[in-house]
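A.B. asks: Quick one: the structure is below, questions incoming.
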Amino acid sequence: MTSSEMWGRDAAERYDAEETEMTSAPVLGATVGFLAELAGDGRALEFAIGTGRVGVPLRERGVPVTGIELSEHMAAVLRRKVDEDTLPVVIGDMATTVVPGEFALVYLVYNTVSNLLTQDEQVECFRNAARHLRPGGRFVVELGVPPLRFLPPGQVAVPFDVSERHLGFDTIDPVEQILVSHHFTRDGEDGRYRRGASRHRYAWPAELDLMARIAGLEQERRVADWDGAPFTQDSPKHISVWRKSA
């Protein structure tokens, strides 16, 4: 077991319904197109594949996909969408679990690398990606930029969503680089809110570049979104691509 917090059955069952923006056609279309271009005619490995939000449509695009997933409950939701022969999934952690064969692409989407709560484990995740890549293969990570610029002196919380059915804010420990996302989600029409929280270890893009170098990977590209917009000082997230030497 790694430091990643386990997704339980209830959270897994709610995941797709609650992530409506991330499962929308525009978001998935751009994501799958970006990844499919990098995979080319090779195989893809998704770390923390979850319910298959990205892996399933990427497989439907014609890219052979294998997944690694820590939560059996998340994997069970994926399995309702596609069978094992079409999209195999290995239960295990993304820092140490090894699957057979070489891949043209290994990828981590939607902040999942931050589920590893120590720097050592994040470094091992990069090493594990490099271990699976064929020469010239790419490792792709989608990760938010730490929102420290929004913290005035003495403040420890940053709101990221204020909507009719959801209130979300992050609390930040800059010493340990731990960010806790707090969610208050309204269930039904009775006005009650369900509270949830998840811990993450945030990392700056430059820190990830160093992890990549330790793993023998070279930075190839960094953009602000799946459509390829330039990454700037105001970008709230980045998609970074590192390449294994041929």
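In the structure tokens, the first chain shown is A, the next is B, and so on; residue numbers restart at 1 for each chain, and ligands run from 1 in the order shown.
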Just list the residues in region 22-223 of chain A DSSP gives strand (DSSP E) on the backbone, as a PyMOL selection string.
C.D. replies: chain A and resi 44-47+65-69+89-91+103-108+133-144+157-162+166-173+178-186+193-201+217-223
A.B. asks: Set the distance at 8 Å and use only C-alpha atoms: which residues neighbour region 133-148 of chain A once local chain neighbours fewer than 6 positions away are removed? I'd like the list as number ranges by chain.
C.D. replies: A: 38, 102-114, 158, 202-205, 235-246
A.B. asks: Report as a ChimeraX atom specification all protein, DNA and RNA residues lying within 9 Å of region 46-50 of chain A, evaluated on only C-alpha atoms, omitting residues in the same chain fewer than 5 positions from it.
C.D. replies: /A:12,55,65-71,73-75,77-78,89,92-95,105-109,112-113,125,129
A.B. asks: Between A:Arg194, A:Gly52, A:Glu72, A:Thr2, which has the minimum distance to Thr96 (chain A) (counting only C-alpha atoms)?
C.D. replies: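 Nearest to Thr96 (chain A): A:Thr2.
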A.B. asks: If you measure from CA of Asp83 (chain A) to CA of Phe34 (chain A), what distance in Å do you get, rounded to one decimal?
C.D. replies: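 For CA of Asp83 (chain A) relative to CA of Phe34 (chain A), the distance reads 24.4 Å.
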A.B. asks: Using only C-alpha atoms, which protein or nucleic acid residues come within 7 Å of Phe169 (chain A)? Drop anything in the same chain fewer than 2 positions from it, and give the result as a ChimeraX atom specification.
C.D. replies: /A:157-161,167,171,181-183
A.B. asks: Save out the residues we just selected, N, CA and C atoms, as an mmCIF file, in the first residue's frame.
C.D. replies:
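Printed below is out-v8.cif as written:
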data_model
loop_
_atom_site.group_PDB
_atom_site.id
_atom_site.type_symbol
_atom_site.label_atom_id
_atom_site.label_comp_id
_atom_site.auth_asym_id
_atom_site.auth_seq_id
_atom_site.Cartn_x
_atom_site.Cartn_y
_atom_site.Cartn_z
ATOM 1 N N ALA A 157 -6.740 28.955 3.059
ATOM 2 C CA ALA A 157 -7.733 28.302 2.213
ATOM 3 C C ALA A 157 -7.966 29.104 0.939
ATOM 4 N N VAL A 158 -8.186 28.373 -0.166
ATOM 5 C CA VAL A 158 -8.464 28.980 -1.464
ATOM 6 C C VAL A 158 -9.707 28.318 -2.044
ATOM 7 N N PRO A 159 -10.785 29.067 -2.355
ATOM 8 C CA PRO A 159 -11.958 28.455 -2.988
ATOM 9 C C PRO A 159 -11.673 28.135 -4.448
ATOM 10 N N PHE A 160 -12.191 26.984 -4.916
ATOM 11 C CA PHE A 160 -12.041 26.653 -6.326
ATOM 12 C C PHE A 160 -13.378 26.400 -7.012
ATOM 13 N N ASP A 161 -14.458 26.302 -6.258
ATOM 14 C CA ASP A 161 -15.779 26.150 -6.870
ATOM 15 C C ASP A 161 -16.840 26.637 -5.893
ATOM 16 N N LEU A 167 -19.706 23.302 -3.090
ATOM 17 C CA LEU A 167 -18.757 24.276 -2.562
ATOM 18 C C LEU A 167 -17.425 23.547 -2.387
ATOM 19 N N THR A 171 -7.240 23.733 1.366
ATOM 20 C CA THR A 171 -6.383 24.215 2.433
ATOM 21 C C THR A 171 -4.971 23.718 2.152
ATOM 22 N N SER A 181 -8.270 19.068 -0.485
ATOM 23 C CA SER A 181 -9.453 19.570 -1.180
ATOM 24 C C SER A 181 -10.694 19.203 -0.382
ATOM 25 N N HIS A 182 -11.466 20.219 0.007
ATOM 26 C CA HIS A 182 -12.690 20.023 0.782
ATOM 27 C C HIS A 182 -13.889 20.220 -0.138
ATOM 28 N N HIS A 183 -14.839 19.303 -0.053
ATOM 29 C CA HIS A 183 -16.023 19.351 -0.913
ATOM 30 C C HIS A 183 -17.286 19.296 -0.060
#
A.B. asks: Using only C-alpha atoms, which of A:Val63, A:Ala229, A:Val98, A:Val156 sits nearest Ile178 (chain A)?
C.D. replies: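 Distance minimum relative to Ile178 (chain A) lands on A:Val156.
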A.B. asks: I'd like to know which of A:Phe231, A:Arg9, A:Leu210, A:Ser4 is closest to Thr118 (chain A), using only C-alpha atoms.
C.D. replies: A:Ser4
A.B. asks: Taking only C-alpha atoms into account, name the residue in A:Gln122, A:Gly101, A:Ser3, A:Arg80 that is nearest to Ala44 (chain A).
C.D. replies: A:Gly101
A.B. asks: Give me, as a list of chain:residue names, all polymer residues having an atom no more than 7 Å from Phe126 (chain A), counting only C-alpha atoms and skipping those fewer than 5 positions away in the same chain.
C.D. replies: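 The neighbour list is A:Met211, A:Ala212, A:Ala215.
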A.B. asks: Could you save those same residues with all heavy atoms as a PDB file, in the first residue's frame?
C.D. replies:
ATOM      1  N   MET A 211      12.215  15.265 -11.284  1.00  0.00           N
ATOM      2  CA  MET A 211      11.838  13.858 -11.128  1.00  0.00           C
ATOM      3  C   MET A 211      12.022  13.116 -12.443  1.00  0.00           C
ATOM      4  O   MET A 211      12.491  11.964 -12.469  1.00  0.00           O
ATOM      5  CB  MET A 211      10.387  13.756 -10.662  1.00  0.00           C
ATOM      6  CG  MET A 211      10.115  14.277  -9.262  1.00  0.00           C
ATOM      7  SD  MET A 211       8.362  14.098  -8.835  1.00  0.00           S
ATOM      8  CE  MET A 211       8.300  15.022  -7.299  1.00  0.00           C
ATOM      9  N   ALA A 212      11.639  13.756 -13.538  1.00  0.00           N
ATOM     10  CA  ALA A 212      11.787  13.135 -14.848  1.00  0.00           C
ATOM     11  C   ALA A 212      13.259  12.879 -15.164  1.00  0.00           C
ATOM     12  O   ALA A 212      13.626  11.805 -15.673  1.00  0.00           O
ATOM     13  CB  ALA A 212      11.153  14.022 -15.923  1.00  0.00           C
ATOM     14  N   ALA A 215      14.581   9.941 -13.506  1.00  0.00           N
ATOM     15  CA  ALA A 215      14.088   8.712 -14.136  1.00  0.00           C
ATOM     16  C   ALA A 215      14.649   8.492 -15.537  1.00  0.00           C
ATOM     17  O   ALA A 215      14.321   7.490 -16.180  1.00  0.00           O
ATOM     18  CB  ALA A 215      12.559   8.749 -14.196  1.00  0.00           C
TER      19      ALA A 215
END
A.B. asks: From region 16-171 of chain A, collect each residue whose DSSP state is helix (DSSP H, G or I) and return the set as a PyMOL selection string.
C.D. replies: chain A and resi 16-18+25-39+55-60+72-81+112-115+119-132+148-150
A.B. asks: Go through A:Asp234, A:Asp227, A:Glu84, A:Asp190 and flag the residue nearest Pro26 (chain A), using only C-alpha atoms for the distances.
C.D. replies: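 Of all the options, A:Asp227 lies closest to Pro26 (chain A).
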